[in-house]
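Single-structure report; data block below.
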There are 2 protein chains.
Amino acid sequence: MSAHHQPQPRKPLPDGFLDDVRALLGDRLQLGEAIRAQHGASETHFEPALPDAVAYPHSTEEVVALVKLCVAAEVPLIPFGAGTSIEGNTIPVRGGITIDLSQMDAILSVNAEDFDCTVQAGVRREQLNEHLRDVGLFFPIDPGANATIGGMASTRASGTNAVRYGTMRDAILSLRVVTPDGRDIRTSRRARKSAAGYDLTRLMIGSEGTLGIITEITLRLHGIPEAISAAVCSFDTLEGAVDTVVQSIQIGIPLARVEILDDLQMRACNRWSKLDYPELTTLFFEFHGSQSYVEEQVRTVKDIADMNGGGEFRWSNLPEERSKLWKARHEAYYAAVNLRSGAIGWATDVCVPISRLAQCITETKADLDKSTIPATILGHVGDGNFHVVFSIDPNAPEEMAEVETINARLVERALAMDGTCTGEHGIGIGKQEWLVAELGDAVDMMRMIKRALDPKDLFNPGKIFAL
Amino acid sequence: MSAHHQPQPRKPLPDGFLDDVRALLGDRLQLGEAIRAQHGASETHFEPALPDAVAYPHSTEEVVALVKLCVAAEVPLIPFGAGTSIEGNTIPVRGGITIDLSQMDAILSVNAEDFDCTVQAGVRREQLNEHLRDVGLFFPIDPGANATIGGMASTRASGTNAVRYGTMRDAILSLRVVTPDGRDIRTSRRARKSAAGYDLTRLMIGSEGTLGIITEITLRLHGIPEAISAAVCSFDTLEGAVDTVVQSIQIGIPLARVEILDDLQMRACNRWSKLDYPELTTLFFEFHGSQSYVEEQVRTVKDIADMNGGGEFRWSNLPEERSKLWKARHEAYYAAVNLRSGAIGWATDVCVPISRLAQCITETKADLDKSTIPATILGHVGDGNFHVVFSIDPNAPEEMAEVETINARLVERALAMDGTCTGEHGIGIGKQEWLVAELGDAVDMMRMIKRALDPKDLFNPGKIFAL
């Protein structure tokens, strides 16, 4: 499972290519080592690979021009947002030009009456929510990191709110995309639903930049609920925590968020975010609705937690307390990595049918306990999706090998339960062999689509699958 | 806008082809005129075109064998469910073999704990809901007709519950598909979400049989709500009715169903279904939730309706009363067509951002009022989606021409409002030029995908676009 660590073939840029790009972008074409290194690294354990240059377009028209230059010169191009992806999704394994969309960060329109907005790909989710607050709306998808909307679309991100509000698949009404043949298309109109032809919107979502460059996104928004209540509850057993969630969902409680953190993750959070929660398996809840409906939800879930060995509910009804709680959850990845000083993170995620979740987490926890490498479990338990974060020594190759073996067992366990090798991180570099194990011949259908749309394999080459 | 009425080229079946199919299916290959006519007609005004034969497979393996025979012999094949589509989606315009999946009607598994089930493509939605009732679950997508799940997937159907529960896009976890190269693939696993590669599930949903044959579907289910309440309310003005819905959604009421029927449609329903509702613009509502939450929703919506000129709420809280109400709604199409005896139906639908819905419906109503052809408006007003049903004289070509002109104005009106030319009927034969008007170059991207996956253009050829 380490083919992805082999170097990939790189070709030198053709003569005159950079001059052509500079004529287009001026000093928004950057060749400096530091900037290239920043765009060649990732948040996790993957070996970096530097792009030959980094381009910062300011408009879809500039992206079209860039694409045409790259395709004519057969130069790979890698769309880049905030660089917060987990599976090496933006590493330029064959070199080429990284197209950094972070300067395309305009919020183009907000249609409050229609609960939608249109943004450029480089807008970040926190920026968007700050902008929306005054009109009483919010954008619910929250993968933790302050990612760009374009990056979140490209990896089909989801996160803590998905149990109630869905994933990027559900959140997007329409995309503006620059295709490999240099067209500037919109995949859909602004209507809530449509049966007009193939669902190019969904085809692009999760395609990790391999089929085109997303430059604008029209998003569905939601009204800020009248009442929001958050709570933390510890459990004696992992099964008790998972069963609480499963039973709550089964009787129809529309949990807005429900996150599981295992004992080690709670210790890491306490240390990193200076908190004093019990270091036991813990659920973080959030409830949305009218005042009376939230109260009804809370009563029911408390009863269910009681029956499953849950402890006291610690409430955070004030916005600043809630922020503190969710800040701790958002910092959980860094907290876990920093369980050892000088360590780097190795993160994986799977998603299984919810009836299999308790078993999958319990078996995984037992497997982790056999290793000396610190590893935490945290997850979006309402979706059946959870993460394992390993804190590994970057100078100990045997740790990398051990983690790959544990990860292989985790993914095989999830696949045997009719689950998926990745709930929300995407395939990137790290999950390519698992994609084939999961979907078999369907991957060939993906390849046929890729070859048809990007015959020269220039758009984020080497990601999702080798062509 | 009538290119679709021109005859398409047909090739005779190659020698020996039918013998090969008969060797596979025996008397489940049918050549009789009546059966071919049944599969060559449609529910609406399109000119029929007969298939050369109709095949009734019983398994995915038989579908694979059929596909291989058809592709080798270059014979078109048209997947067929219940034949209830509206845009001529199953008419074999170039002849070939209609593959009728109605005998593949097994419910393969129900995973009550995971709120999902897997069915063969020929299962009908009413059959599925009867099967599910005992486990307290239901499948919410309801396009009116008792369609097959496979057909509903192929046209991205939605209907009355979509405002709360989404469309077929949201309802499907995974598909089993026979591809044009004869592979038998699954597009996804049974996990609630996944970021594993391209979203082939969504690519197939709404592709109208042009990219493969769906043989099995894994569906998301929902718990039957603790309380269900339905109501009917008349309004003096169309705007009052639409504004009631828009304002209810904007303050966060999770309406389970909300249907608009105009005055003429109410007259048609009264006559056809023997009812006594006021013949005014009317909303049909349904509310789902816990007892107290439903009561809260109802109180709020009544207040909003009052402010917008709504009359009394007529309640149907008993299941049999609710069934009567929704039966009338489901029969609305036939009621509308039968406003004139001997008439046939000509149906269209558009969907616009909800802020534009009142204007779109009002302008359309004014346009319809100028014509002598009876035409009703009914729609899924919570989604911004509405239908117009014309009751036309099949022997009066000038009526067909007039309706095409009115439809053109309707679609142009919707597109000018950033809406779509079809919210739920699909493109089929009837909306092909409008698809291009709506999405421009994006249609070329669809064509590239079609050519890559079905290079001989054998899967439901002539639908969605001409290659």
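The way I read the labels, and the way they are meant: chains A, B, ... in the order of the structure tokens, residue 1 as the first residue of every chain, and ligand 1 as the first ligand shown, with later ones counted on from there.
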Item to check | Selection near B:Glu216, 7 Å with only C-alpha atoms, sequence-local residues under 6 positions removed, as a PyMOL selection string | outcome: chain B and resi 118-121+175-176
Within 9 Å of A:Lys193, counting only C-alpha atoms, which residues qualify if same-chain residues fewer than 6 places away don't, as a short mmCIF file (atom, residue, chain, number, x, y, z; two decimals) with N, CA and C atoms, in the first residue's frame?
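Dumped everything to out-v7.cif:
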data_model
loop_
_atom_site.label_atom_id
_atom_site.label_comp_id
_atom_site.auth_asym_id
_atom_site.auth_seq_id
_atom_site.Cartn_x
_atom_site.Cartn_y
_atom_site.Cartn_z
N LEU A 173 -25.72 24.09 -5.36
CA LEU A 173 -26.74 24.15 -6.39
C LEU A 173 -26.13 24.14 -7.78
N SER B 158 -39.00 13.41 -8.53
CA SER B 158 -39.14 13.95 -7.18
C SER B 158 -40.62 13.94 -6.81
N GLY B 166 -36.21 15.67 -0.19
CA GLY B 166 -35.31 15.66 -1.34
C GLY B 166 -35.87 14.88 -2.52
N THR B 167 -35.02 14.71 -3.53
CA THR B 167 -35.43 14.04 -4.76
C THR B 167 -34.72 12.68 -4.85
N CYS B 351 -38.83 24.88 -13.05
CA CYS B 351 -38.52 25.14 -11.65
C CYS B 351 -37.69 26.41 -11.57
N VAL B 352 -38.07 27.32 -10.69
CA VAL B 352 -37.37 28.61 -10.57
C VAL B 352 -36.99 28.85 -9.11
N ASP B 383 -40.59 23.81 -3.71
CA ASP B 383 -39.33 23.70 -4.46
C ASP B 383 -39.21 24.75 -5.56
N GLY B 384 -40.27 25.52 -5.80
CA GLY B 384 -40.27 26.44 -6.94
C GLY B 384 -40.60 25.74 -8.25
N ASN B 385 -41.18 24.56 -8.15
CA ASN B 385 -41.42 23.70 -9.31
C ASN B 385 -42.92 23.63 -9.60
N THR B 420 -34.83 26.33 -14.35
CA THR B 420 -34.51 25.22 -15.23
C THR B 420 -35.70 24.86 -16.10
N THR B 422 -36.74 21.98 -16.77
CA THR B 422 -37.49 20.85 -16.22
C THR B 422 -37.05 20.57 -14.79
N GLY B 423 -38.00 20.63 -13.89
CA GLY B 423 -37.70 20.36 -12.48
C GLY B 423 -37.65 18.89 -12.18
N GLU B 424 -38.48 18.09 -12.91
CA GLU B 424 -38.54 16.68 -12.56
C GLU B 424 -38.96 15.74 -13.67
#
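With distances restricted to only C-alpha atoms, A:Ala442 is the closest residue to chain B from A:Val67, A:Ala442, A:Ile361, A:Ala437.
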What are the closest atom pairs, with distances in Å to one decimal, for each residue of stretch 368-433 of chain B lying within 9 Å of stretch 254-277 of chain B, using only C-alpha atoms, rows by chain and rising residue number, as a tab-separated table?
residue	atom	partner	partner_atom	distance
B:Pro374	CA	B:Leu264	CA	8.3
B:Ala375	CA	B:Leu264	CA	7.6
B:Thr376	CA	B:Gln265	CA	5.1
B:Ile377	CA	B:Asp262	CA	5.5
B:Leu378	CA	B:Leu261	CA	4.4
B:Gly379	CA	B:Ile260	CA	5.2
B:His380	CA	B:Glu259	CA	4.9
B:Val381	CA	B:Glu259	CA	5.8
B:Gly382	CA	B:Val258	CA	6.2
B:Phe386	CA	B:Ile260	CA	8.2
Filtering to N, CA, C and O atoms, could you give me those residues as a compact mmCIF listing (two decimals), in the first residue's frame?
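Wrote it out as again_12.txt, contents follow:
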# COMPACT_ATOMS: atom_id res chain seq x y z
N PRO B 374 -57.88 24.36 -22.65
CA PRO B 374 -57.87 24.25 -21.18
C PRO B 374 -56.48 23.86 -20.69
O PRO B 374 -55.85 22.95 -21.24
N ALA B 375 -56.01 24.56 -19.67
CA ALA B 375 -54.67 24.27 -19.13
C ALA B 375 -54.68 24.57 -17.64
O ALA B 375 -55.15 25.63 -17.22
N THR B 376 -54.18 23.64 -16.87
CA THR B 376 -54.17 23.82 -15.42
C THR B 376 -52.74 23.99 -14.92
O THR B 376 -51.78 23.55 -15.57
N ILE B 377 -52.63 24.61 -13.76
CA ILE B 377 -51.33 24.76 -13.10
C ILE B 377 -51.38 23.99 -11.79
O ILE B 377 -52.32 24.14 -11.00
N LEU B 378 -50.38 23.16 -11.59
CA LEU B 378 -50.26 22.51 -10.28
C LEU B 378 -48.79 22.30 -10.03
O LEU B 378 -47.99 22.17 -10.97
N GLY B 379 -48.41 22.30 -8.76
CA GLY B 379 -46.97 22.23 -8.57
C GLY B 379 -46.54 22.04 -7.15
O GLY B 379 -47.32 22.13 -6.21
N HIS B 380 -45.25 21.74 -7.08
CA HIS B 380 -44.57 21.50 -5.80
C HIS B 380 -43.98 22.84 -5.40
O HIS B 380 -42.81 23.13 -5.61
N VAL B 381 -44.83 23.65 -4.80
CA VAL B 381 -44.53 25.07 -4.69
C VAL B 381 -43.35 25.30 -3.73
O VAL B 381 -42.62 26.28 -3.88
N GLY B 382 -43.11 24.40 -2.82
CA GLY B 382 -41.98 24.56 -1.89
C GLY B 382 -40.63 24.48 -2.57
O GLY B 382 -39.64 25.00 -2.05
N PHE B 386 -43.32 23.90 -10.84
CA PHE B 386 -44.73 23.69 -11.16
C PHE B 386 -44.92 23.14 -12.56
O PHE B 386 -44.04 23.23 -13.41
Checklist entry - What residues in chain B have any atom no more than 7 Å from chain A when counting only C-alpha atoms, and can you write them as a PyMOL selection string? => result chain B and resi 113-114+155-156+185-199+202-203+206-207+223+252+293+351-355+383+418-427+435+439+441-442+446+448-449+452-453+464
Item to check | Every residue of stretch 173-396 of chain A that DSSP places in strand (DSSP E), as a VMD selection string | outcome: chain A and resid 173 to 178 184 to 186 213 to 220 222 to 223 227 to 235 257 to 261 281 to 289 310 to 316 344 to 351 375 to 380 385 to 392
Item to check | Close residues, A:Leu458 itself excluded, 8 Å, only C-alpha atoms, min 2 positions apart in chain, as a ChimeraX atom specification | outcome: /A:71,74-77,210,454,456,460-461
